[in-house]
$ cat entry36.txt   # compact mmCIF, C-alpha atoms
# COMPACT_ATOMS: atom_id res chain seq x y z
CA MET A 1 14.66 -2.48 -2.72
CA LYS A 2 16.76 -3.12 0.38
CA LYS A 3 14.24 -3.03 3.26
CA ILE A 4 10.60 -4.14 3.41
CA ILE A 5 8.37 -3.62 6.47
CA VAL A 6 5.51 -6.03 7.16
CA PRO A 7 3.06 -5.01 9.93
CA VAL A 8 1.44 -8.16 11.37
CA ASP A 9 -1.30 -9.12 13.83
CA PHE A 10 -0.68 -12.88 13.35
CA SER A 11 -3.92 -13.28 11.34
CA LYS A 12 -4.28 -15.02 7.98
CA HIS A 13 -4.21 -11.62 6.28
CA SER A 14 -0.84 -10.87 7.82
CA GLU A 15 0.33 -14.27 6.58
CA TYR A 16 -0.66 -13.21 3.06
CA ALA A 17 1.37 -10.02 3.50
CA LEU A 18 4.37 -11.88 4.91
CA GLU A 19 4.41 -14.43 2.08
CA THR A 20 4.15 -11.64 -0.52
CA ALA A 21 6.94 -9.67 1.16
CA ALA A 22 9.13 -12.79 1.38
CA ALA A 23 8.80 -13.41 -2.36
CA LEU A 24 9.74 -9.78 -3.06
CA ALA A 25 12.67 -10.00 -0.64
CA LYS A 26 14.04 -13.04 -2.46
CA GLN A 27 13.79 -11.24 -5.80
CA HIS A 28 15.54 -8.11 -4.56
CA ASP A 29 17.80 -9.49 -1.79
CA SER A 30 15.92 -7.38 0.77
CA GLU A 31 15.80 -7.38 4.55
CA LEU A 32 12.37 -8.08 6.08
CA ILE A 33 11.32 -6.12 9.18
CA VAL A 34 8.27 -7.85 10.63
CA MET A 35 6.49 -5.41 12.95
CA HIS A 36 3.85 -6.15 15.58
CA MET A 37 2.06 -3.53 17.67
CA LEU A 38 0.93 -4.58 21.11
CA GLU A 39 -2.71 -3.81 21.87
CA MET A 40 -2.34 -1.93 25.14
CA SER A 41 -5.41 -1.37 27.33
CA GLU A 42 -6.17 2.19 28.42
CA SER A 43 -5.85 1.21 32.09
CA ILE A 44 -2.18 0.39 31.71
CA PHE A 45 -1.32 4.05 31.17
CA SER A 46 -2.74 5.02 34.58
CA ALA A 47 -1.03 2.15 36.40
CA SER A 48 2.13 2.45 38.48
CA SER A 49 5.52 2.11 36.80
CA SER A 50 6.03 -1.35 38.32
CA GLU A 51 2.63 -2.51 37.08
CA ARG A 52 3.37 -1.11 33.64
CA GLY A 53 6.72 -2.87 33.61
CA GLN A 54 5.12 -6.21 34.51
CA GLU A 55 2.41 -5.77 31.90
CA ASN A 56 4.94 -4.77 29.24
CA ALA A 57 7.17 -7.74 30.05
CA PHE A 58 4.27 -10.18 29.89
CA MET A 59 2.92 -8.84 26.59
CA LEU A 60 6.40 -8.81 25.09
CA MET A 61 6.88 -12.45 26.10
CA VAL A 62 3.55 -13.39 24.49
CA ALA A 63 4.42 -11.49 21.30
CA ASN A 64 7.84 -13.13 21.05
CA LYS A 65 6.23 -16.55 21.50
CA LYS A 66 3.77 -15.80 18.70
CA PHE A 67 6.62 -14.59 16.50
CA GLU A 68 8.44 -17.91 16.92
CA THR A 69 5.49 -19.79 15.46
CA PHE A 70 4.44 -17.15 12.95
CA LEU A 71 7.93 -16.81 11.44
CA ASP A 72 8.48 -20.57 11.21
CA GLN A 73 7.67 -20.61 7.49
CA PRO A 74 9.56 -22.43 4.73
CA TYR A 75 9.28 -19.40 2.41
CA LEU A 76 11.37 -17.35 4.89
CA GLU A 77 14.37 -19.68 4.68
CA GLY A 78 17.53 -17.89 3.58
CA LEU A 79 16.08 -14.41 4.23
CA GLU A 80 17.19 -11.82 6.76
CA VAL A 81 14.13 -11.45 8.99
CA ASN A 82 14.08 -9.03 11.93
CA PRO A 83 11.03 -9.01 14.23
CA MET A 84 10.08 -5.71 15.88
CA VAL A 85 7.56 -5.04 18.66
CA LYS A 86 6.01 -1.64 19.34
CA TYR A 87 4.03 -0.96 22.49
CA HIS A 88 1.29 1.30 21.14
CA LYS A 89 -1.34 0.46 18.56
CA VAL A 90 -0.86 3.67 16.58
CA LEU A 91 -0.98 3.01 12.87
CA LYS A 92 0.97 6.11 11.88
CA GLU A 93 3.85 4.56 13.82
CA VAL A 94 4.26 2.10 10.93
CA ALA A 95 4.94 5.02 8.62
CA GLU A 96 7.31 6.61 11.14
CA VAL A 97 9.34 3.41 11.52
CA ALA A 98 9.48 3.01 7.75
CA THR A 99 11.00 6.48 7.49
CA GLU A 100 13.43 5.88 10.37
CA VAL A 101 14.86 2.69 8.87
CA SER A 102 14.71 3.99 5.25
CA ALA A 103 12.37 1.22 4.15
CA ASP A 104 11.57 0.99 0.45
CA LEU A 105 8.16 -0.65 0.81
CA ILE A 106 5.47 -1.48 3.37
CA VAL A 107 3.53 -4.69 2.68
CA MET A 108 0.35 -5.26 4.64
CA GLY A 109 -2.76 -7.35 4.44
CA SER A 110 -6.33 -6.10 4.64
CA ARG A 111 -9.72 -7.69 5.02
CA GLY A 112 -11.50 -4.49 3.98
CA HIS A 113 -14.02 -2.87 6.30
CA SER A 114 -14.72 -5.01 9.34
CA ASP A 115 -16.23 -4.67 12.81
CA HIS A 116 -13.45 -6.78 14.30
CA ASP A 117 -10.43 -5.29 15.99
CA GLY A 118 -6.95 -5.89 14.62
CA VAL A 119 -4.35 -4.28 12.42
CA PHE A 120 -5.92 -5.38 9.19
CA THR A 121 -9.38 -3.85 9.30
CA GLY A 122 -10.00 -1.59 6.35
CA SER A 123 -9.99 1.59 8.43
CA ASN A 124 -6.59 0.76 9.92
CA THR A 125 -5.11 0.00 6.52
CA GLU A 126 -6.43 3.37 5.36
CA LYS A 127 -4.49 5.09 8.14
CA VAL A 128 -1.19 3.54 7.04
CA VAL A 129 -1.90 4.56 3.43
CA ARG A 130 -2.80 8.08 4.60
CA TYR A 131 0.28 8.68 6.76
CA SER A 132 2.98 6.82 4.88
CA ASN A 133 5.56 8.55 2.71
CA THR A 134 6.83 5.05 1.91
CA PRO A 135 4.97 3.14 -0.84
CA VAL A 136 2.40 0.70 0.57
CA LEU A 137 1.43 -2.61 -1.04
CA VAL A 138 -1.92 -3.87 0.29
CA VAL A 139 -2.89 -7.50 -0.34
CA LYS A 140 -6.25 -9.17 0.31
CA SER A 141 -5.55 -12.83 -0.38
CA LYS A 142 -2.85 -15.47 -0.62
CA PRO A 143 -0.42 -14.32 -3.32
CA LYS A 144 -0.38 -16.11 -6.64
CA THR A 145 2.76 -14.23 -7.66
CA SER A 146 4.86 -11.30 -6.46
CA ASN A 147 5.82 -10.35 -10.01
CA PHE A 148 2.74 -8.68 -11.45
CA GLU A 149 2.34 -9.03 -15.19
CA HIS A 150 0.23 -5.88 -15.57
CA ILE A 151 -0.22 -2.97 -13.11
CA VAL A 152 -2.71 -0.14 -13.70
CA LEU A 153 -1.67 3.28 -12.34
CA ALA A 154 -4.51 5.83 -12.17
CA THR A 155 -3.41 9.39 -12.88
CA ASP A 156 -5.00 12.69 -13.91
CA PHE A 157 -1.85 13.64 -15.89
CA ALA A 158 -1.63 16.95 -13.99
CA GLY A 159 1.72 18.74 -14.14
CA ASP A 160 2.29 18.69 -10.37
CA SER A 161 2.05 14.88 -10.35
CA VAL A 162 5.02 14.36 -12.72
CA PRO A 163 7.66 13.66 -10.00
CA SER A 164 5.37 11.22 -8.15
CA VAL A 165 4.31 9.40 -11.30
CA LYS A 166 7.92 9.01 -12.45
CA LYS A 167 8.90 7.71 -9.00
CA ALA A 168 5.94 5.33 -9.05
CA LEU A 169 6.81 4.06 -12.53
CA LYS A 170 10.36 3.30 -11.40
CA ILE A 171 9.20 1.27 -8.40
CA LEU A 172 6.38 -0.43 -10.33
CA ALA A 173 8.94 -1.53 -12.93
CA GLU A 174 10.58 -3.54 -10.12
CA LEU A 175 7.26 -5.10 -9.12
CA GLY A 176 5.76 -5.87 -12.52
CA ASN A 177 6.39 -6.33 -16.22
CA LYS A 178 4.00 -3.69 -17.60
CA THR A 179 2.42 -0.53 -16.19
CA THR A 180 -0.47 1.32 -17.82
CA LEU A 181 -1.12 4.97 -16.97
CA LEU A 182 -4.91 5.25 -16.87
CA HIS A 183 -6.94 8.45 -17.16
CA ILE A 184 -10.48 8.13 -15.83
CA ASN A 185 -12.96 10.70 -17.08
CA SER A 186 -15.63 11.07 -14.42
CA PRO A 187 -18.62 13.43 -14.16
CA ASN A 188 -18.14 13.96 -10.43
CA LEU A 189 -14.64 15.37 -10.98
CA SER A 190 -13.59 17.86 -13.64
CA PHE A 191 -14.97 16.24 -16.80
CA LEU A 192 -12.76 16.78 -19.87
CA SER A 193 -13.42 16.50 -23.58
CA THR A 194 -11.32 14.11 -25.67
CA ASP A 195 -9.28 17.03 -27.03
CA GLU A 196 -8.70 18.38 -23.51
CA ILE A 197 -7.53 14.97 -22.27
CA ASP A 198 -5.17 14.56 -25.24
CA GLU A 199 -3.73 18.03 -24.66
CA ARG A 200 -3.20 17.35 -20.96
CA ILE A 201 -1.45 14.03 -21.67
CA GLU A 202 0.78 15.67 -24.28
CA THR A 203 1.79 18.41 -21.81
CA PHE A 204 2.40 15.82 -19.09
CA LEU A 205 4.69 13.76 -21.32
CA GLN A 206 6.67 16.87 -22.26
CA LEU A 207 7.14 17.83 -18.59
CA ALA A 208 8.09 14.26 -17.71
CA LYS A 209 10.44 14.05 -20.70
CA LEU A 210 8.69 10.90 -21.86
CA ASN A 211 7.54 9.80 -25.31
CA GLU A 212 4.17 8.12 -25.76
CA THR A 213 6.11 5.09 -27.00
CA ASP A 214 7.90 4.93 -23.61
CA VAL A 215 4.73 4.34 -21.58
CA ASN A 216 1.39 2.59 -21.93
CA ILE A 217 -1.50 5.07 -21.80
CA ALA A 218 -5.21 4.29 -21.64
CA ARG A 219 -8.43 6.25 -21.15
CA ILE A 220 -11.80 5.23 -19.74
CA SER A 221 -15.03 7.00 -18.74
CA ASP A 222 -16.90 5.90 -15.64
CA HIS A 223 -19.03 7.16 -12.76
CA SER A 224 -16.04 7.47 -10.41
CA VAL A 225 -12.28 6.97 -10.31
CA GLU A 226 -12.78 3.88 -8.17
CA ASP A 227 -15.26 2.34 -10.62
CA GLY A 228 -13.06 3.26 -13.58
CA ILE A 229 -9.80 1.74 -12.36
CA ILE A 230 -11.49 -1.45 -11.11
CA SER A 231 -13.50 -1.83 -14.34
CA PHE A 232 -10.43 -1.27 -16.54
CA ALA A 233 -8.37 -3.74 -14.53
CA LYS A 234 -11.10 -6.38 -14.84
CA ARG A 235 -11.45 -5.90 -18.60
CA ASN A 236 -7.70 -6.09 -19.14
CA LYS A 237 -7.06 -8.89 -16.61
CA SER A 238 -4.62 -6.74 -14.65
CA ASP A 239 -2.80 -8.14 -11.63
CA ALA A 240 -2.54 -5.03 -9.42
CA LEU A 241 -3.77 -1.45 -9.11
CA SER A 242 -1.81 1.65 -8.14
CA MET A 243 -2.83 5.07 -6.83
CA ILE A 244 -1.06 8.29 -5.88
CA THR A 245 -2.53 10.13 -2.92
CA HIS A 246 -2.28 13.50 -1.17
CA GLY A 247 -3.47 11.81 2.04
CA ARG A 248 -5.75 14.07 4.07
CA LYS A 249 -4.29 17.17 2.42
CA GLY A 250 -6.14 16.01 -0.67
CA LEU A 251 -7.39 18.13 -3.52
CA ASN A 252 -10.77 17.36 -5.08
CA HIS A 253 -8.88 15.27 -7.60
CA TYR A 254 -7.75 11.72 -8.34
CA PHE A 255 -5.27 12.11 -5.54
CA SER A 256 -7.61 12.85 -2.64
CA GLY A 257 -7.00 10.45 0.24
CA SER A 258 -10.58 9.17 0.28
CA ILE A 259 -10.41 7.94 -3.33
CA SER A 260 -7.22 5.95 -2.74
CA GLU A 261 -8.64 4.53 0.48
CA ASP A 262 -11.87 3.50 -1.27
CA VAL A 263 -9.85 1.64 -3.92
CA VAL A 264 -7.74 -0.04 -1.21
CA ASN A 265 -10.87 -1.19 0.62
CA HIS A 266 -12.99 -2.35 -2.30
CA SER A 267 -10.50 -3.82 -4.77
CA LYS A 268 -9.90 -7.55 -4.62
CA LEU A 269 -6.58 -7.02 -6.40
CA PRO A 270 -3.39 -5.90 -4.63
CA VAL A 271 -3.13 -2.09 -4.46
CA ILE A 272 0.11 -0.09 -4.38
CA THR A 273 -0.14 3.48 -3.07
CA PHE A 274 2.32 6.36 -3.29
CA LYS A 275 2.05 9.75 -1.58
CA LEU A 276 2.33 12.82 -3.80
$ encode --input "entry36.txt" --output "structure tokens"
Amino acid sequence: MKKIIVPVDFSKHSEYALETAAALAKQHDSELIVMHMLEMSESIFSASSSERGQENAFMLMVANKKFETFLDQPYLEGLEVNPMVKYHKVLKEVAEVATEVSADLIVMGSRGHSDHDGVFTGSNTEKVVRYSNTPVLVVKSKPKTSNFEHIVLATDFAGDSVPSVKKALKILAELGNKTTLLHINSPNLSFLSTDEIDERIETFLQLAKLNETDVNIARISDHSVEDGIISFAKRNKSDALSMITHGRKGLNHYFSGSISEDVVNHSKLPVITFKL
């Protein structure tokens, strides 16, 4: 894990994300790219080039001043930290920058759904999750640890998810000590009998060239995938949740974008998302 991007709006939620990312960077000797997007007014785009230049220069000066204070944190000492300012508040730009710089992880805070503007409203976090081909770690509170003891990864054990699940397991092994693959049997998706679930898991393990002794596997029945993963995590005192998503290309499956986004918004635990 060589590069970690942290989108910030200088709020307490972005502080949570920065502190989490700093702890990960120290563990993996990673570079931190701290990214802020300027909130440009619509009128600026119809202004003259000189007016735009003056506005850009002023907003850049303000952002740099905020960065000086925001990045003056003891937990950043000894780390390579590179601030970055983007002029447009377009959330998919976070994903584009992550791809451009070959980032290994995006870490961002979220306050869930909110009527307030800012990067870290739930809807904006959803957009980063939806667009990003880079794994996204979403945190809601001040981190207790960056090394999660137990991570729950929801999966339907479908054959086409094998590459993504194996990639996720590799990255989650760097973030935590134990990962459980969780199948959630839900009536509003394609409900399976116990024999059908066992057969699907067996086929999945064969395709993935994994033995059942190589991975932790669990099953739960609940009203929805969201309810199932949150309930299982609570019962087993898990430290983080993980989802794999199709984004907006989603199938009516575990991996539809809306399910992952619901989990991101409603879980109090950190959530790590991967795109299929």
$ closest_residue --input "entry36.txt" --among "A:Thr145, A:Ser11, A:Ser238, A:Asn211" --to "A:Gln27" --atoms "only C-alpha atoms"
A:Thr145
$ closest_residue --input "entry36.txt" --among "A:Met37, A:Leu207, A:Val8, A:Val107" --to "A:Phe70" --atoms "only C-alpha atoms"
A:Val8
$ closest_residue --input "entry36.txt" --among "A:His150, A:Lys237, A:Lys3, A:Lys26" --to "A:Pro135" --atoms "all atoms listed in the file"
A:Lys3
$ residues_around --input "entry36.txt" --residues "A:Glu19" --least-positions-apart "6" --cutoff "9 Å" --atoms "only C-alpha atoms" --output "ChimeraX atom specification"
/A:73,75-76,142-143
$ atom_distance --input "entry36.txt" --atom1 "atom CA of A:Phe274" --atom2 "atom CA of A:Ile244"
4.7 Å
$ residues_around --input "entry36.txt" --residues "A:Asp29" --least-positions-apart "5" --cutoff "12 Å" --atoms "all atoms listed in the file" --output "compact mmCIF listing (two decimals) with C-alpha atoms, in the frame of the given file"
# COMPACT_ATOMS: atom_id res chain seq x y z
CA MET A 1 14.66 -2.48 -2.72
CA LYS A 2 16.76 -3.12 0.38
CA LYS A 3 14.24 -3.03 3.26
CA ILE A 4 10.60 -4.14 3.41
CA ALA A 21 6.94 -9.67 1.16
CA ALA A 22 9.13 -12.79 1.38
CA ALA A 23 8.80 -13.41 -2.36
CA LEU A 24 9.74 -9.78 -3.06
CA GLY A 78 17.53 -17.89 3.58
CA LEU A 79 16.08 -14.41 4.23
CA GLU A 80 17.19 -11.82 6.76
CA VAL A 81 14.13 -11.45 8.99
$ closest_atom_pairs --input "entry36.txt" --of "stretch 145-197 of chain A" --to "stretch 203-206 of chain A" --cutoff "12 Å" --atoms "only C-alpha atoms" --output "JSON lines"
{"residue": "A:Thr155", "atom": "CA", "partner": "A:Phe204", "partner_atom": "CA", "distance": 10.7}
{"residue": "A:Asp156", "atom": "CA", "partner": "A:Phe204", "partner_atom": "CA", "distance": 9.6}
{"residue": "A:Phe157", "atom": "CA", "partner": "A:Phe204", "partner_atom": "CA", "distance": 5.7}
{"residue": "A:Ala158", "atom": "CA", "partner": "A:Phe204", "partner_atom": "CA", "distance": 6.6}
{"residue": "A:Gly159", "atom": "CA", "partner": "A:Phe204", "partner_atom": "CA", "distance": 5.8}
{"residue": "A:Asp160", "atom": "CA", "partner": "A:Phe204", "partner_atom": "CA", "distance": 9.2}
{"residue": "A:Ser161", "atom": "CA", "partner": "A:Phe204", "partner_atom": "CA", "distance": 8.8}
{"residue": "A:Val162", "atom": "CA", "partner": "A:Phe204", "partner_atom": "CA", "distance": 7.0}
{"residue": "A:Pro163", "atom": "CA", "partner": "A:Phe204", "partner_atom": "CA", "distance": 10.7}
{"residue": "A:Val165", "atom": "CA", "partner": "A:Phe204", "partner_atom": "CA", "distance": 10.3}
{"residue": "A:Lys166", "atom": "CA", "partner": "A:Leu205", "partner_atom": "CA", "distance": 10.6}
{"residue": "A:Leu181", "atom": "CA", "partner": "A:Leu205", "partner_atom": "CA", "distance": 11.4}
{"residue": "A:Glu196", "atom": "CA", "partner": "A:Thr203", "partner_atom": "CA", "distance": 10.6}
{"residue": "A:Ile197", "atom": "CA", "partner": "A:Thr203", "partner_atom": "CA", "distance": 9.9}
$ atom_distance --input "entry36.txt" --atom1 "atom CA of A:Leu241" --atom2 "atom CA of A:Pro270"
6.3 Å
$ closest_residue --input "entry36.txt" --among "A:Thr69, A:Ser132, A:Ser146, A:Ser221" --to "A:Asn177" --atoms "only C-alpha atoms"
A:Ser146
$ closest_residue --input "entry36.txt" --among "A:Lys92, A:Ser14, A:Asn147, A:Asp239" --to "A:Glu174" --atoms "all atoms listed in the file"
A:Asn147
$ closest_residue --input "entry36.txt" --among "A:Ser224, A:Val138, A:Ala218, A:Arg130" --to "A:Leu18" --atoms "only C-alpha atoms"
A:Val138
$ build_atoms --input "entry36.txt" --residues "stretch 218-229 of chain A" --atoms "all heavy atoms" --output "PDB file, in the coordinates of the input"
ATOM      1  N   ALA A 218      -3.831   4.688 -21.324  1.00  0.00           N
ATOM      2  CA  ALA A 218      -5.210   4.290 -21.640  1.00  0.00           C
ATOM      3  C   ALA A 218      -6.183   5.311 -21.060  1.00  0.00           C
ATOM      4  O   ALA A 218      -5.843   6.054 -20.135  1.00  0.00           O
ATOM      5  CB  ALA A 218      -5.506   2.894 -21.091  1.00  0.00           C
ATOM      6  N   ARG A 219      -7.385   5.335 -21.600  1.00  0.00           N
ATOM      7  CA  ARG A 219      -8.430   6.250 -21.150  1.00  0.00           C
ATOM      8  C   ARG A 219      -9.721   5.466 -20.960  1.00  0.00           C
ATOM      9  O   ARG A 219     -10.010   4.543 -21.717  1.00  0.00           O
ATOM     10  CB  ARG A 219      -8.658   7.354 -22.194  1.00  0.00           C
ATOM     11  CG  ARG A 219      -7.430   8.153 -22.567  1.00  0.00           C
ATOM     12  CD  ARG A 219      -7.636   8.855 -23.910  1.00  0.00           C
ATOM     13  NE  ARG A 219      -6.500   9.659 -24.349  1.00  0.00           N
ATOM     14  CZ  ARG A 219      -5.412   9.194 -24.933  1.00  0.00           C
ATOM     15  NH1 ARG A 219      -5.289   7.873 -25.125  1.00  0.00           N
ATOM     16  NH2 ARG A 219      -4.444  10.011 -25.307  1.00  0.00           N
ATOM     17  N   ILE A 220     -10.499   5.866 -19.962  1.00  0.00           N
ATOM     18  CA  ILE A 220     -11.800   5.230 -19.740  1.00  0.00           C
ATOM     19  C   ILE A 220     -12.728   6.263 -19.115  1.00  0.00           C
ATOM     20  O   ILE A 220     -12.280   7.160 -18.397  1.00  0.00           O
ATOM     21  CB  ILE A 220     -11.665   3.977 -18.823  1.00  0.00           C
ATOM     22  CG1 ILE A 220     -12.969   3.176 -18.819  1.00  0.00           C
ATOM     23  CG2 ILE A 220     -11.281   4.361 -17.404  1.00  0.00           C
ATOM     24  CD1 ILE A 220     -12.849   1.823 -18.111  1.00  0.00           C
ATOM     25  N   SER A 221     -14.025   6.157 -19.388  1.00  0.00           N
ATOM     26  CA  SER A 221     -15.030   7.000 -18.740  1.00  0.00           C
ATOM     27  C   SER A 221     -15.861   6.134 -17.803  1.00  0.00           C
ATOM     28  O   SER A 221     -16.257   5.021 -18.162  1.00  0.00           O
ATOM     29  CB  SER A 221     -15.951   7.651 -19.787  1.00  0.00           C
ATOM     30  OG  SER A 221     -15.229   8.544 -20.607  1.00  0.00           O
ATOM     31  N   ASP A 222     -16.096   6.659 -16.599  1.00  0.00           N
ATOM     32  CA  ASP A 222     -16.900   5.900 -15.640  1.00  0.00           C
ATOM     33  C   ASP A 222     -17.489   6.857 -14.612  1.00  0.00           C
ATOM     34  O   ASP A 222     -17.161   8.042 -14.590  1.00  0.00           O
ATOM     35  CB  ASP A 222     -16.056   4.814 -14.956  1.00  0.00           C
ATOM     36  CG  ASP A 222     -16.876   3.563 -14.665  1.00  0.00           C
ATOM     37  OD1 ASP A 222     -18.032   3.701 -14.208  1.00  0.00           O
ATOM     38  OD2 ASP A 222     -16.363   2.453 -14.892  1.00  0.00           O
ATOM     39  N   HIS A 223     -18.338   6.323 -13.743  1.00  0.00           N
ATOM     40  CA  HIS A 223     -19.030   7.160 -12.760  1.00  0.00           C
ATOM     41  C   HIS A 223     -18.089   7.719 -11.708  1.00  0.00           C
ATOM     42  O   HIS A 223     -18.368   8.760 -11.108  1.00  0.00           O
ATOM     43  CB  HIS A 223     -20.152   6.360 -12.089  1.00  0.00           C
ATOM     44  CG  HIS A 223     -21.224   5.942 -13.037  1.00  0.00           C
ATOM     45  ND1 HIS A 223     -22.075   6.842 -13.635  1.00  0.00           N
ATOM     46  CD2 HIS A 223     -21.579   4.714 -13.509  1.00  0.00           C
ATOM     47  CE1 HIS A 223     -22.917   6.203 -14.427  1.00  0.00           C
ATOM     48  NE2 HIS A 223     -22.639   4.911 -14.372  1.00  0.00           N
ATOM     49  N   SER A 224     -16.995   7.020 -11.419  1.00  0.00           N
ATOM     50  CA  SER A 224     -16.040   7.470 -10.410  1.00  0.00           C
ATOM     51  C   SER A 224     -14.666   6.912 -10.747  1.00  0.00           C
ATOM     52  O   SER A 224     -14.530   5.990 -11.568  1.00  0.00           O
ATOM     53  CB  SER A 224     -16.457   7.008  -9.012  1.00  0.00           C
ATOM     54  OG  SER A 224     -16.336   5.595  -8.913  1.00  0.00           O
ATOM     55  N   VAL A 225     -13.640   7.476 -10.116  1.00  0.00           N
ATOM     56  CA  VAL A 225     -12.280   6.970 -10.310  1.00  0.00           C
ATOM     57  C   VAL A 225     -12.191   5.526  -9.845  1.00  0.00           C
ATOM     58  O   VAL A 225     -11.588   4.673 -10.509  1.00  0.00           O
ATOM     59  CB  VAL A 225     -11.263   7.847  -9.548  1.00  0.00           C
ATOM     60  CG1 VAL A 225      -9.867   7.227  -9.596  1.00  0.00           C
ATOM     61  CG2 VAL A 225     -11.228   9.253 -10.125  1.00  0.00           C
ATOM     62  N   GLU A 226     -12.799   5.244  -8.698  1.00  0.00           N
ATOM     63  CA  GLU A 226     -12.780   3.880  -8.170  1.00  0.00           C
ATOM     64  C   GLU A 226     -13.403   2.892  -9.149  1.00  0.00           C
ATOM     65  O   GLU A 226     -12.812   1.851  -9.464  1.00  0.00           O
ATOM     66  CB  GLU A 226     -13.540   3.838  -6.836  1.00  0.00           C
ATOM     67  CG  GLU A 226     -13.619   2.448  -6.223  1.00  0.00           C
ATOM     68  CD  GLU A 226     -14.571   2.393  -5.050  1.00  0.00           C
ATOM     69  OE1 GLU A 226     -14.915   3.449  -4.492  1.00  0.00           O
ATOM     70  OE2 GLU A 226     -14.992   1.276  -4.705  1.00  0.00           O
ATOM     71  N   ASP A 227     -14.588   3.219  -9.667  1.00  0.00           N
ATOM     72  CA  ASP A 227     -15.260   2.340 -10.620  1.00  0.00           C
ATOM     73  C   ASP A 227     -14.424   2.178 -11.895  1.00  0.00           C
ATOM     74  O   ASP A 227     -14.323   1.085 -12.460  1.00  0.00           O
ATOM     75  CB  ASP A 227     -16.637   2.894 -11.002  1.00  0.00           C
ATOM     76  CG  ASP A 227     -17.638   2.809  -9.869  1.00  0.00           C
ATOM     77  OD1 ASP A 227     -17.385   2.037  -8.921  1.00  0.00           O
ATOM     78  OD2 ASP A 227     -18.652   3.522  -9.921  1.00  0.00           O
ATOM     79  N   GLY A 228     -13.825   3.287 -12.336  1.00  0.00           N
ATOM     80  CA  GLY A 228     -13.060   3.260 -13.580  1.00  0.00           C
ATOM     81  C   GLY A 228     -11.836   2.377 -13.517  1.00  0.00           C
ATOM     82  O   GLY A 228     -11.600   1.559 -14.415  1.00  0.00           O
ATOM     83  N   ILE A 229     -11.044   2.521 -12.449  1.00  0.00           N
ATOM     84  CA  ILE A 229      -9.800   1.740 -12.360  1.00  0.00           C
ATOM     85  C   ILE A 229     -10.114   0.256 -12.150  1.00  0.00           C
ATOM     86  O   ILE A 229      -9.463  -0.620 -12.737  1.00  0.00           O
ATOM     87  CB  ILE A 229      -8.853   2.276 -11.269  1.00  0.00           C
ATOM     88  CG1 ILE A 229      -7.491   1.578 -11.352  1.00  0.00           C
ATOM     89  CG2 ILE A 229      -9.444   2.152  -9.880  1.00  0.00           C
ATOM     90  CD1 ILE A 229      -6.433   2.189 -10.450  1.00  0.00           C
TER      91      ILE A 229
END
